$ cat my_file_25.cif   # mmCIF, C-alpha atoms
data_run
#
loop_
_atom_site.label_atom_id
_atom_site.label_comp_id
_atom_site.auth_asym_id
_atom_site.auth_seq_id
_atom_site.Cartn_x
_atom_site.Cartn_y
_atom_site.Cartn_z
CA MET A 1 124.08 151.61 75.96
CA ASN A 2 120.36 152.23 76.03
CA THR A 3 118.90 149.07 77.53
CA ASN A 4 115.38 150.38 77.14
CA SER A 5 115.24 150.66 73.37
CA ASN A 6 112.90 148.34 71.49
CA SER A 7 115.58 146.77 69.35
CA TYR A 8 117.80 146.01 72.37
CA THR A 9 114.87 144.41 74.17
CA MET A 10 114.08 142.26 71.15
CA ILE A 11 117.67 141.12 70.73
CA PHE A 12 118.05 140.40 74.44
CA ALA A 13 114.91 138.30 74.48
CA THR A 14 115.92 136.38 71.35
CA VAL A 15 119.42 135.59 72.60
CA MET A 16 118.04 134.56 75.99
CA VAL A 17 115.51 132.18 74.49
CA VAL A 18 118.09 130.55 72.22
CA VAL A 19 120.62 130.09 75.04
CA VAL A 20 118.03 128.66 77.42
CA ALA A 21 116.68 126.32 74.75
CA LEU A 22 120.18 124.99 74.03
CA VAL A 23 120.95 124.42 77.72
CA LEU A 24 117.67 122.63 78.38
CA ALA A 25 117.94 120.51 75.24
CA PHE A 26 121.44 119.47 76.27
CA VAL A 27 120.42 118.55 79.84
CA SER A 28 117.35 116.67 78.71
CA GLY A 29 119.28 114.81 76.02
CA SER A 30 122.11 113.75 78.27
CA LEU A 31 119.86 112.51 81.10
CA LYS A 32 117.22 110.82 78.96
CA GLU A 33 118.71 107.36 79.18
CA THR A 34 119.08 107.30 82.96
CA GLN A 35 115.52 108.55 83.33
CA THR A 36 114.07 105.87 81.07
CA THR A 37 115.92 103.21 83.03
CA ASN A 38 114.44 104.58 86.25
CA VAL A 39 110.92 104.52 84.88
CA GLU A 40 111.37 100.92 83.71
CA LEU A 41 112.82 99.88 87.05
CA ASP A 42 109.89 101.46 88.83
CA LYS A 43 107.42 99.60 86.61
CA LYS A 44 109.21 96.30 87.25
CA LYS A 45 109.06 97.02 90.98
CA GLN A 46 105.31 97.59 90.78
CA ILE A 47 104.77 94.36 88.85
CA LEU A 48 106.85 92.39 91.34
CA THR A 49 104.96 93.95 94.24
CA SER A 50 101.70 92.59 92.82
CA LEU A 51 103.28 89.13 93.21
CA ASN A 52 103.84 89.90 96.91
CA ILE A 53 107.59 90.03 96.38
CA ASP A 54 109.53 92.42 98.59
CA THR A 55 111.71 94.56 96.29
CA LYS A 56 113.19 96.83 98.96
CA ASP A 57 116.98 97.02 98.61
CA GLN A 58 116.95 94.21 96.06
CA ASP A 59 118.28 94.00 92.53
CA VAL A 60 114.97 94.58 90.80
CA ASN A 61 116.18 93.56 87.35
CA ALA A 62 117.45 90.22 88.61
CA LEU A 63 114.24 89.53 90.52
CA TYR A 64 112.18 90.48 87.48
CA ASN A 65 114.10 88.14 85.21
CA GLN A 66 113.78 85.42 87.80
CA TYR A 67 110.01 85.61 88.23
CA ILE A 68 108.57 86.99 85.00
CA VAL A 69 108.88 84.26 82.39
CA ASP A 70 106.94 85.83 79.53
CA GLU A 71 105.38 89.08 78.38
CA ILE A 72 102.71 88.65 75.73
CA VAL A 73 100.25 90.89 73.96
CA ILE A 74 96.70 89.68 73.39
CA ASN A 75 93.51 91.21 72.04
CA ALA A 76 90.02 91.20 73.50
CA ASN A 77 89.20 87.98 71.60
CA ALA A 78 91.88 86.15 73.52
CA GLU A 79 94.16 85.84 70.49
CA VAL A 80 97.85 86.22 71.16
CA ILE A 81 99.31 88.87 68.89
CA GLU A 82 102.61 87.73 67.43
CA ASN A 83 105.15 90.46 66.73
CA PRO A 84 103.09 93.30 68.27
CA LYS A 85 103.74 96.88 67.19
CA VAL A 86 104.65 97.81 70.73
CA GLU A 87 106.27 95.31 73.11
CA ALA A 88 104.06 94.26 76.02
CA PHE A 89 106.24 96.05 78.56
CA ASP A 90 106.05 99.36 76.69
CA ILE A 91 102.29 99.42 76.17
CA VAL A 92 100.66 102.42 77.82
CA ILE A 93 97.41 101.05 79.20
CA LYS A 94 95.87 104.54 79.36
CA LYS A 95 96.17 104.91 75.58
CA GLU A 96 94.72 101.46 74.95
CA LEU A 97 91.70 102.22 77.12
CA ALA A 98 90.94 105.22 74.90
CA GLN A 99 90.51 102.95 71.87
CA LYS A 100 87.68 100.63 70.92
CA LEU A 101 87.84 97.31 72.74
CA GLU A 102 88.50 95.28 69.59
CA ASN A 103 91.47 97.45 68.63
CA ARG A 104 93.24 97.33 71.96
CA ALA A 105 96.55 95.60 72.44
CA LEU A 106 96.53 94.16 75.95
CA PRO A 107 99.76 93.34 77.77
CA LEU A 108 99.85 90.21 79.90
CA TYR A 109 102.77 89.27 82.11
CA ILE A 110 103.24 85.63 82.91
CA ALA A 111 105.15 84.87 86.06
CA ASN A 112 106.39 81.73 87.67
CA VAL A 113 106.36 81.80 91.46
CA ASP A 114 107.57 78.61 93.14
CA GLY A 115 106.63 76.53 90.09
CA LYS A 116 103.13 77.96 89.76
CA THR A 117 102.03 80.15 86.86
CA LYS A 118 100.61 83.59 87.66
CA TYR A 119 99.02 86.07 85.25
CA ILE A 120 99.55 89.78 85.81
CA ILE A 121 97.19 92.37 84.37
CA SER A 122 97.84 96.12 84.19
CA LEU A 123 95.23 98.43 85.64
CA PHE A 124 94.50 102.09 85.05
CA GLY A 125 91.59 104.20 86.22
CA ALA A 126 90.43 107.36 87.90
CA GLY A 127 90.34 108.14 91.60
CA LEU A 128 88.90 111.23 93.22
CA TRP A 129 91.60 113.78 92.35
CA GLY A 130 93.66 112.10 89.67
CA PRO A 131 94.64 108.84 88.02
CA ILE A 132 95.06 105.57 89.90
CA TRP A 133 96.83 102.52 88.53
CA GLY A 134 98.16 99.17 89.55
CA TYR A 135 98.62 95.50 88.77
CA VAL A 136 96.66 92.45 89.73
CA ALA A 137 98.16 88.96 89.76
CA LEU A 138 95.88 85.98 89.17
CA ASP A 139 96.51 82.35 90.08
CA GLU A 140 96.87 79.53 87.59
CA ASP A 141 93.08 79.10 87.45
CA LYS A 142 92.87 82.68 86.04
CA ASN A 143 90.19 83.31 88.59
CA THR A 144 91.66 83.67 92.07
CA ILE A 145 93.51 86.87 92.92
CA TYR A 146 97.04 86.15 94.09
CA GLY A 147 98.15 89.70 94.84
CA THR A 148 97.54 93.33 93.98
CA TYR A 149 99.42 96.57 93.70
CA PHE A 150 97.67 99.93 93.62
CA SER A 151 99.10 103.41 93.42
CA HIS A 152 97.76 106.87 92.83
CA ALA A 153 98.83 110.34 91.80
CA SER A 154 97.04 112.58 94.27
CA GLU A 155 94.45 110.86 96.46
CA THR A 156 93.78 112.31 99.92
CA PRO A 157 96.35 111.17 102.51
CA GLY A 158 94.74 109.09 105.23
CA LEU A 159 91.60 108.51 103.14
CA GLY A 160 91.77 107.54 99.45
CA ALA A 161 95.56 107.25 99.61
CA GLU A 162 95.14 104.21 101.89
CA ILE A 163 94.76 102.06 98.77
CA VAL A 164 98.55 101.81 98.55
CA TYR A 165 98.85 100.01 101.89
CA PRO A 166 98.79 96.25 102.50
CA ALA A 167 95.82 96.60 104.86
CA PHE A 168 93.67 97.38 101.83
CA GLN A 169 95.48 95.34 99.21
CA GLN A 170 95.74 92.10 101.20
CA GLN A 171 91.93 91.88 101.34
CA PHE A 172 91.89 90.97 97.65
CA VAL A 173 94.04 87.88 98.04
CA GLY A 174 91.99 84.75 97.42
CA LYS A 175 88.96 86.56 96.00
CA LYS A 176 87.44 85.18 92.80
CA ILE A 177 86.75 87.35 89.77
CA MET A 178 84.28 84.88 88.17
CA ASN A 179 80.96 83.70 89.55
CA ASP A 180 79.81 80.07 89.62
CA LYS A 181 78.65 80.30 85.97
CA GLN A 182 82.16 81.35 84.90
CA GLU A 183 80.95 84.84 84.09
CA PHE A 184 83.29 87.69 84.81
CA VAL A 185 81.95 89.72 87.74
CA SER A 186 85.15 91.33 89.10
CA VAL A 187 85.48 92.06 92.81
CA ALA A 188 83.18 94.61 94.41
CA ILE A 189 84.37 97.14 96.95
CA MET A 190 81.65 97.75 99.49
CA LYS A 191 81.26 100.21 102.33
CA PRO A 192 82.46 98.40 105.46
CA GLY A 193 79.52 96.45 106.87
CA GLN A 194 77.64 96.09 103.58
CA THR A 195 77.59 92.91 101.53
CA THR A 196 76.67 91.77 98.04
CA ASP A 197 75.66 88.42 96.61
CA GLU A 198 76.65 89.15 93.03
CA SER A 199 80.38 88.82 93.39
CA ASP A 200 83.17 88.54 95.90
CA TYR A 201 83.73 91.77 97.75
CA VAL A 202 86.19 93.54 100.01
CA ASP A 203 85.75 96.43 102.42
CA GLY A 204 86.28 99.90 101.01
CA ILE A 205 88.01 102.71 102.85
CA SER A 206 85.92 104.76 105.23
CA GLY A 207 86.01 108.35 104.03
CA GLY A 208 87.58 107.24 100.77
CA THR A 209 84.43 106.11 99.02
CA ILE A 210 85.12 107.71 95.65
CA THR A 211 88.64 106.33 95.50
CA SER A 212 87.33 102.90 96.55
CA LYS A 213 84.71 103.03 93.82
CA GLY A 214 87.46 104.13 91.42
CA VAL A 215 89.45 101.02 92.25
CA GLU A 216 86.34 98.90 91.79
CA ALA A 217 85.65 100.43 88.37
CA MET A 218 89.32 100.06 87.41
CA LEU A 219 89.25 96.34 88.25
CA MET A 220 85.99 95.91 86.36
CA ASN A 221 87.16 97.75 83.23
CA CYS A 222 90.71 96.52 83.03
CA ILE A 223 90.30 92.86 83.96
CA GLY A 224 87.10 92.86 81.89
CA GLN A 225 89.15 93.38 78.74
CA TYR A 226 90.78 90.00 79.32
CA GLU A 227 87.48 88.25 80.00
CA LYS A 228 87.64 85.87 77.03
CA TYR A 229 91.25 84.99 77.63
CA LEU A 230 90.61 84.32 81.30
CA GLN A 231 87.57 82.14 80.53
CA ILE A 232 89.47 79.75 78.29
CA SER A 233 91.08 77.66 80.97
CA THR A 234 88.49 78.23 83.68
CA ASN A 235 85.99 76.62 81.31
CA GLY A 236 88.05 73.52 81.44
CA GLY A 237 89.60 73.97 77.99
CA THR A 238 93.10 72.90 77.08
CA GLU A 239 94.67 76.28 76.60
CA GLU A 240 98.19 75.58 77.86
CA MET B 1 138.83 137.15 102.76
CA SER B 2 137.74 140.04 104.90
CA LYS B 3 135.75 141.43 102.00
CA LEU B 4 134.14 138.06 101.29
CA PHE B 5 132.77 137.81 104.81
CA SER B 6 132.26 141.43 105.79
CA ASP B 7 129.65 142.35 108.35
CA LYS B 8 127.21 143.15 105.59
CA THR B 9 127.48 139.75 103.90
CA LYS B 10 127.22 138.07 107.29
CA GLN B 11 124.03 140.01 107.90
CA VAL B 12 122.77 139.07 104.42
CA PHE B 13 123.33 135.41 105.24
CA LEU B 14 122.13 135.28 108.84
CA GLY B 15 119.13 137.59 108.51
CA PRO B 16 116.91 135.15 106.62
CA LEU B 17 117.78 132.34 109.04
CA GLY B 18 116.24 134.23 111.93
CA LYS B 19 114.73 137.69 112.11
CA ASN B 20 113.96 137.97 108.43
CA ASN B 21 112.99 134.36 107.75
CA PRO B 22 111.11 133.98 104.46
CA ILE B 23 108.50 131.64 105.93
CA THR B 24 107.97 132.77 109.51
CA VAL B 25 108.41 136.51 109.03
CA GLN B 26 107.77 137.27 105.37
CA VAL B 27 105.22 134.42 105.12
CA LEU B 28 106.34 133.44 101.61
CA GLY B 29 106.52 129.95 100.13
CA ILE B 30 103.85 128.58 102.49
CA CYS B 31 102.15 126.50 99.80
CA SER B 32 105.07 124.14 99.26
CA ALA B 33 105.79 124.10 103.00
CA LEU B 34 102.36 122.50 103.47
CA ALA B 35 102.65 120.08 100.62
CA VAL B 36 106.01 118.38 101.00
CA THR B 37 106.48 118.20 104.76
CA ALA B 38 104.61 114.98 105.59
CA LYS B 39 107.97 113.20 105.56
CA LEU B 40 111.55 114.33 106.21
CA GLU B 41 113.20 113.10 103.03
CA PRO B 42 111.11 115.05 100.49
CA ALA B 43 111.27 118.10 102.78
CA ILE B 44 115.07 118.02 102.74
CA VAL B 45 115.24 117.50 98.99
CA MET B 46 112.76 120.34 98.48
CA GLY B 47 114.76 122.62 100.78
CA LEU B 48 117.99 121.76 98.99
CA SER B 49 116.44 122.27 95.55
CA VAL B 50 115.04 125.67 96.48
CA THR B 51 118.37 126.71 98.04
CA ILE B 52 120.36 125.72 94.97
CA ILE B 53 117.92 127.26 92.51
CA LEU B 54 117.65 130.46 94.53
CA ALA B 55 121.42 130.87 94.93
CA PHE B 56 122.17 130.32 91.27
CA SER B 57 119.27 132.31 89.85
CA ASN B 58 120.33 135.15 92.17
CA VAL B 59 123.87 135.00 90.76
CA ILE B 60 122.70 134.85 87.15
CA ILE B 61 120.29 137.76 87.55
CA SER B 62 122.91 139.74 89.46
CA LEU B 63 125.46 139.21 86.67
CA LEU B 64 122.91 140.32 84.09
CA ARG B 65 121.39 143.09 86.20
CA ASN B 66 122.92 145.95 84.19
CA THR B 67 121.99 144.47 80.83
CA ILE B 68 118.42 143.34 81.48
CA PRO B 69 115.93 145.62 79.72
CA ASN B 70 113.73 147.09 82.42
CA ARG B 71 110.47 146.38 80.64
CA ILE B 72 111.00 142.62 80.41
CA ARG B 73 112.92 142.08 83.64
CA ILE B 74 110.21 139.98 85.30
CA ILE B 75 110.08 137.75 82.22
CA VAL B 76 113.86 137.36 82.26
CA GLN B 77 113.75 136.43 85.95
CA LEU B 78 111.02 133.88 85.29
CA VAL B 79 112.92 132.34 82.40
CA VAL B 80 116.07 131.98 84.50
CA VAL B 81 114.16 130.40 87.40
CA ALA B 82 112.11 128.17 85.12
CA SER B 83 115.14 126.80 83.32
CA LEU B 84 117.00 126.11 86.58
CA VAL B 85 113.92 124.36 87.96
CA THR B 86 113.68 122.25 84.83
CA VAL B 87 117.34 121.27 85.13
CA VAL B 88 116.95 120.31 88.80
CA SER B 89 113.79 118.35 88.05
CA GLU B 90 115.52 116.44 85.22
CA ILE B 91 118.48 115.65 87.50
CA LEU B 92 116.17 114.38 90.23
CA LYS B 93 114.32 112.19 87.75
CA ALA B 94 117.63 110.70 86.67
CA PHE B 95 119.34 110.24 90.03
CA ALA B 96 116.67 110.32 92.74
CA TYR B 97 113.63 108.88 91.00
CA ASP B 98 111.71 107.89 94.14
CA VAL B 99 112.03 111.34 95.63
CA SER B 100 111.03 113.01 92.37
CA VAL B 101 107.89 110.85 92.33
CA GLN B 102 107.10 111.92 95.91
CA LEU B 103 107.65 115.58 95.17
CA SER B 104 105.67 115.22 91.91
CA VAL B 105 104.42 118.62 90.82
CA TYR B 106 106.00 120.57 93.65
CA ILE B 107 109.43 120.71 92.04
CA GLY B 108 107.86 122.35 89.01
CA LEU B 109 105.99 124.69 91.31
CA ILE B 110 109.25 126.08 92.71
CA ILE B 111 108.94 128.43 89.74
CA THR B 112 105.97 130.05 91.42
CA ASN B 113 107.54 130.10 94.89
CA CYS B 114 107.29 133.74 95.91
CA ILE B 115 110.63 133.60 97.72
CA LEU B 116 112.45 133.30 94.41
CA MET B 117 110.82 136.16 92.56
CA GLY B 118 110.96 138.23 95.73
CA ARG B 119 114.71 137.82 96.20
CA LEU B 120 115.48 138.29 92.51
CA GLU B 121 113.50 141.50 92.28
CA ALA B 122 114.41 142.90 95.71
CA PHE B 123 118.05 141.83 96.04
CA ALA B 124 119.75 140.41 92.96
CA MET B 125 118.65 143.26 90.69
CA ALA B 126 120.52 145.73 92.90
CA ASN B 127 123.49 143.84 94.35
CA LYS B 128 126.76 142.25 93.25
CA PRO B 129 126.93 138.51 92.39
CA TRP B 130 128.74 137.39 95.57
CA GLU B 131 126.29 139.10 97.93
CA SER B 132 123.42 137.80 95.81
CA PHE B 133 124.77 134.28 96.07
CA ILE B 134 124.99 134.59 99.86
CA ASP B 135 121.52 136.09 99.98
CA GLY B 136 120.19 133.16 97.95
CA LEU B 137 121.88 130.65 100.23
CA GLY B 138 120.62 132.43 103.35
CA ASN B 139 117.01 132.60 102.17
CA GLY B 140 117.10 129.06 100.84
CA ILE B 141 118.43 127.66 104.10
CA GLY B 142 116.02 129.84 106.06
CA TYR B 143 113.22 128.21 104.05
CA ALA B 144 114.73 124.74 104.32
CA TRP B 145 115.16 124.64 108.08
CA ILE B 146 111.53 125.52 108.68
CA LEU B 147 110.51 122.74 106.27
CA VAL B 148 112.76 120.26 108.04
CA ALA B 149 111.49 121.28 111.47
CA VAL B 150 107.87 120.89 110.38
CA ALA B 151 108.57 117.59 108.59
CA PHE B 152 110.38 116.24 111.67
CA PHE B 153 107.31 116.63 113.87
CA ARG B 154 104.85 115.56 111.17
CA GLU B 155 106.68 112.35 110.35
CA LEU B 156 107.46 111.52 113.99
CA LEU B 157 103.96 112.12 115.32
CA GLY B 158 102.07 111.22 112.14
CA SER B 159 103.72 107.93 111.26
CA GLY B 160 106.10 107.27 114.17
CA LYS B 161 109.04 107.28 111.78
CA LEU B 162 111.99 109.42 110.74
CA PHE B 163 113.43 109.02 107.23
CA GLY B 164 111.06 106.06 106.88
CA LEU B 165 112.62 104.20 109.82
CA GLN B 166 110.43 103.24 112.74
CA ILE B 167 111.41 105.40 115.73
CA ILE B 168 108.55 104.89 118.13
CA PRO B 169 108.92 101.30 119.39
CA GLN B 170 106.21 98.70 118.98
CA ALA B 171 105.92 98.39 122.77
CA ILE B 172 104.44 101.87 122.98
CA TYR B 173 101.85 101.02 120.30
CA ASP B 174 101.00 97.88 122.25
CA ALA B 175 100.44 100.06 125.29
CA GLY B 176 97.76 101.95 123.37
CA TYR B 177 99.63 104.75 121.59
CA VAL B 178 98.22 105.66 118.18
CA ASN B 179 99.80 107.69 115.36
CA ASN B 180 98.13 111.06 114.94
CA GLY B 181 96.58 110.80 111.48
CA LEU B 182 95.91 114.54 111.47
CA MET B 183 99.67 115.13 111.32
CA VAL B 184 99.93 113.76 107.78
CA MET B 185 97.21 116.09 106.52
CA PRO B 186 98.25 119.47 105.08
CA PRO B 187 96.36 121.63 107.63
CA MET B 188 98.63 120.34 110.39
CA ALA B 189 101.64 121.84 108.61
CA LEU B 190 99.93 125.21 108.80
CA ILE B 191 99.38 124.78 112.54
CA LEU B 192 103.00 123.72 113.06
CA VAL B 193 104.27 126.69 111.05
CA ALA B 194 102.05 128.90 113.20
CA VAL B 195 103.57 127.39 116.36
CA ILE B 196 107.07 128.11 115.02
CA ILE B 197 106.02 131.70 114.25
CA TRP B 198 104.62 132.00 117.77
CA VAL B 199 107.83 130.77 119.40
CA HIS B 200 109.90 132.89 117.02
CA ARG B 201 108.01 136.05 117.91
CA SER B 202 108.06 135.51 121.63
CA VAL B 203 111.85 135.17 121.43
CA ASN B 204 112.29 138.17 119.08
CA LYS B 205 110.08 140.75 120.75
CA GLU B 206 110.78 143.43 118.12
CA LEU B 207 108.89 141.34 115.54
CA GLN B 208 105.64 141.66 117.46
CA GLU B 209 103.14 144.09 115.99
CA LYS B 210 101.88 146.69 118.41
#
$ encode --input "my_file_25.cif" --output "structure tokens"
Amino acid sequence: MNTNSNSYTMIFATVMVVVVALVLAFVSGSLKETQTTNVELDKKKQILTSLNIDTKDQDVNALYNQYIVDEIVINANAEVIENPKVEAFDIVIKKELAQKLENRALPLYIANVDGKTKYIISLFGAGLWGPIWGYVALDEDKNTIYGTYFSHASETPGLGAEIVYPAFQQQFVGKKIMNDKQEFVSVAIMKPGQTTDESDYVDGISGGTITSKGVEAMLMNCIGQYEKYLQISTNGGTEE
Amino acid sequence: MSKLFSDKTKQVFLGPLGKNNPITVQVLGICSALAVTAKLEPAIVMGLSVTIILAFSNVIISLLRNTIPNRIRIIVQLVVVASLVTVVSEILKAFAYDVSVQLSVYIGLIITNCILMGRLEAFAMANKPWESFIDGLGNGIGYAWILVAVAFFRELLGSGKLFGLQIIPQAIYDAGYVNNGLMVMPPMALILVAVIIWVHRSVNKELQEK
């Protein structure tokens, strides 16, 4: 058989492509479900971590059902969207950020930790090399930060990548995101040693300035979307 | 059995572990050796993945070697490797999600690992399936053990841990010991690989260039 003829080459290539496509489609199809479960579990773990709950070697689903009492979708005008197109848990925050503020569907997780209500907001932003994301949990007053979780795709180990460690994240606990006039000011991340009067601040990471600024911008942009919702009760209204 | 483990097959298997090691002698696959060796667990998974993919793509190419049209042989090799990599990556996502997150893009980049194309083109295209399988195993393990060795030192000295468990006791930290942050940075992997090459060449004098 002449394996160098044009027609043989064409047939070989065609058969190869079809066989490979079938194999890959089969593998992908049969593993899809397990993979989706993993991704969901991982997301639940991240949300729980923002509540300072240790998920290591725990049944994450059980913990999640225990602590998270509600998942709602709101818009930028603080209206709760009933029957949203996409469930709160499945909303991809990156896609929402690409839309106009008034069109965004914003997920809000409501947790109950030891009898106290906590509000969890999804975060997404840009670091130095790639995306960064996380969750921030707010106390009942919708003002004080209760806990944070940050992660990243490809920040520099030892520098920007330090945002995933408690040493950085614990600084946020107890900081306020509103100023005395109940205006949203977020939390600034300053170079260690510098201060600001305009809002609460934490120390950034030495050598990881761009990632630190990325986290700062992410907090500003993502929590900012919820500004009106967060102001309702801090203004002394009767939202509950 | 004698044919299965003849002197030649033994040589095919043992060569890449020592005197013909893909990383320390042929200097292939360095990129991933730098990227995934900050901790032991991803290094082992990476080594295993490469070994499996290399062994099976070697067998597949060896089985097809007489039917592959010469003009598109590199494309055929790439397609075989790429589909095996995709399968492994899907399996990891389903059954070892945490590790697949840690390895991120590097599993996909196995496709471009020079060891694979090198072995397919140099060995599997000209040898029988069984020898090719052994050759794939040998080269894969030769790659893996270097990764594990590098990861062992990087994790131990860089974070004081092995497999994520604290090895260096707190008492030593209290006495003033500090983790070497440089160890978790990629350049340190290069230096460690160089040290292994150095030791390797002083043991095997015939590898030294005149």
$ atom_distance --input "my_file_25.cif" --atom1 "CA of Pro16 in chain B" --atom2 "CA of Ser202 in chain B"
17.4 Å
$ resolve_selection --input "my_file_25.cif" --expression "the PyMOL selection byres ((chain A) within 10 of (chain B))" --output "PyMOL selection string"
chain A and resi 1-6+8-10+12-13+16-17+20-21+23-28+30-39+41-42+153-154+156-159
$ write_last_selection --input "my_file_25.cif" --atoms "C-alpha atoms" --output "tab-separated table (two decimals), keeping the file's coordinate frame"
chain	number	residue	atom	x	y	z
A	1	MET	CA	124.08	151.61	75.96
A	2	ASN	CA	120.36	152.23	76.03
A	3	THR	CA	118.90	149.07	77.53
A	4	ASN	CA	115.38	150.38	77.14
A	5	SER	CA	115.24	150.66	73.37
A	6	ASN	CA	112.90	148.34	71.49
A	8	TYR	CA	117.80	146.01	72.37
A	9	THR	CA	114.87	144.41	74.17
A	10	MET	CA	114.08	142.26	71.15
A	12	PHE	CA	118.05	140.40	74.44
A	13	ALA	CA	114.91	138.30	74.48
A	16	MET	CA	118.04	134.56	75.99
A	17	VAL	CA	115.51	132.18	74.49
A	20	VAL	CA	118.03	128.66	77.42
A	21	ALA	CA	116.68	126.32	74.75
A	23	VAL	CA	120.95	124.42	77.72
A	24	LEU	CA	117.67	122.63	78.38
A	25	ALA	CA	117.94	120.51	75.24
A	26	PHE	CA	121.44	119.47	76.27
A	27	VAL	CA	120.42	118.55	79.84
A	28	SER	CA	117.35	116.67	78.71
A	30	SER	CA	122.11	113.75	78.27
A	31	LEU	CA	119.86	112.51	81.10
A	32	LYS	CA	117.22	110.82	78.96
A	33	GLU	CA	118.71	107.36	79.18
A	34	THR	CA	119.08	107.30	82.96
A	35	GLN	CA	115.52	108.55	83.33
A	36	THR	CA	114.07	105.87	81.07
A	37	THR	CA	115.92	103.21	83.03
A	38	ASN	CA	114.44	104.58	86.25
A	39	VAL	CA	110.92	104.52	84.88
A	41	LEU	CA	112.82	99.88	87.05
A	42	ASP	CA	109.89	101.46	88.83
A	153	ALA	CA	98.83	110.34	91.80
A	154	SER	CA	97.04	112.58	94.27
A	156	THR	CA	93.78	112.31	99.92
A	157	PRO	CA	96.35	111.17	102.51
A	158	GLY	CA	94.74	109.09	105.23
A	159	LEU	CA	91.60	108.51	103.14
$ residues_around --input "my_file_25.cif" --residues "range 51-66 of chain A" --least-positions-apart "3" --cutoff "12 Å" --atoms "all atoms listed in the file" --output "PyMOL selection string"
chain A and resi 37-38+40-48+69-71+109-121+134-139+145-149+166+169-170+173
$ residues_near_point --input "my_file_25.cif" --point "(120.3, 122.4, 105.3)" --cutoff "10 Å" --atoms "all atoms listed in the file" --output "list in words"
Ile44, Val45, Gly47, Leu48, Thr51, Leu137, Gly140, Ile141, Gly142, Tyr143, Ala144, Trp145, Ile146, Leu147 and Val148 of chain B
$ residues_around --input "my_file_25.cif" --residues "Met117 in chain B" --least-positions-apart "3" --cutoff "9 Å" --atoms "all atoms listed in the file" --output "PyMOL selection string"
chain B and resi 74+77-78+81+111-114+120-122
$ write_last_selection --input "my_file_25.cif" --atoms "C-alpha atoms" --output "PDB file, keeping the file's coordinate frame"
ATOM      1  CA  ILE B  74     110.210 139.980  85.300  1.00  0.00           C
ATOM      2  CA  GLN B  77     113.750 136.430  85.950  1.00  0.00           C
ATOM      3  CA  LEU B  78     111.020 133.880  85.290  1.00  0.00           C
ATOM      4  CA  VAL B  81     114.160 130.400  87.400  1.00  0.00           C
ATOM      5  CA  ILE B 111     108.940 128.430  89.740  1.00  0.00           C
ATOM      6  CA  THR B 112     105.970 130.050  91.420  1.00  0.00           C
ATOM      7  CA  ASN B 113     107.540 130.100  94.890  1.00  0.00           C
ATOM      8  CA  CYS B 114     107.290 133.740  95.910  1.00  0.00           C
ATOM      9  CA  LEU B 120     115.480 138.290  92.510  1.00  0.00           C
ATOM     10  CA  GLU B 121     113.500 141.500  92.280  1.00  0.00           C
ATOM     11  CA  ALA B 122     114.410 142.900  95.710  1.00  0.00           C
TER      12      ALA B 122
END
$ atom_distance --input "my_file_25.cif" --atom1 "CA of Leu40 in chain B" --atom2 "CA of Tyr106 in chain B"
15.1 Å
$ axis_aligned_box --input "my_file_25.cif" --around "range 175-184 of chain B" --padding-each-side "5 Å" --output "JSON"
{"center_x": 98.2, "center_y": 107.6, "center_z": 116.5, "size_x": 14.5, "size_y": 25.1, "size_z": 27.5}
$ closest_residue --input "my_file_25.cif" --among "B:Leu63, B:Ser49, B:Glu131, B:Ile115" --to "Ser6 in chain B" --atoms "all atoms listed in the file"
B:Glu131
$ closest_residue --input "my_file_25.cif" --among "B:Ile197, B:Val178, B:Ile61, B:Ile168" --to "Pro22 in chain B" --atoms "all atoms listed in the file"
B:Ile197
$ residues_near_point --input "my_file_25.cif" --point "(122.4, 132.2, 94.8)" --cutoff "6 Å" --atoms "all atoms listed in the file" --output "list of chain:residue names"
B:Leu54, B:Ala55, B:Phe56, B:Ser57, B:Asn58, B:Val59, B:Ser132, B:Phe133, B:Gly136, B:Leu137
$ atom_distance --input "my_file_25.cif" --atom1 "CA of Ile205 in chain A" --atom2 "CA of Phe124 in chain A"
19.0 Å
$ resolve_selection --input "my_file_25.cif" --expression "the PyMOL selection byres ((chain A and resi 224-232) around 10)" --output "MDAnalysis selection string"
chainID A and resid 74:80 97 101:102 104:108 119 121 138 141:143 177:178 182:186 218:223 233:240
$ closest_residue --input "my_file_25.cif" --among "B:Ile167, B:Ile53, B:Gly138, B:Val105" --to "Lys19 in chain B" --atoms "only C-alpha atoms"
B:Gly138
$ residues_around --input "my_file_25.cif" --residues "Tyr177 in chain B" --least-positions-apart "4" --cutoff "12 Å" --atoms "only C-alpha atoms" --output "list in words"
Leu157, Gly158, Ser159, Gly160, Ile168, Pro169, Gln170, Ala171, Ile172 and Tyr173 of chain B
$ closest_residue --input "my_file_25.cif" --among "B:Ala35, B:Val203, B:Leu103, B:Val85" --to "Arg154 in chain B" --atoms "only C-alpha atoms"
B:Ala35
$ residues_around --input "my_file_25.cif" --residues "Ala126 in chain A" --least-positions-apart "6" --cutoff "8 Å" --atoms "all atoms listed in the file" --output "MDAnalysis selection string"
chainID A and resid 132 211 214:215 218
$ closest_residue --input "my_file_25.cif" --among "A:Asp180, A:Pro192, A:Ser212, A:Val73" --to "Glu87 in chain A" --atoms "all atoms listed in the file"
A:Val73
$ resolve_selection --input "my_file_25.cif" --expression "the PyMOL selection byres ((chain B and resi 13) around 6)" --output "PyMOL selection string"
chain B and resi 10-12+14-15+134-135+138
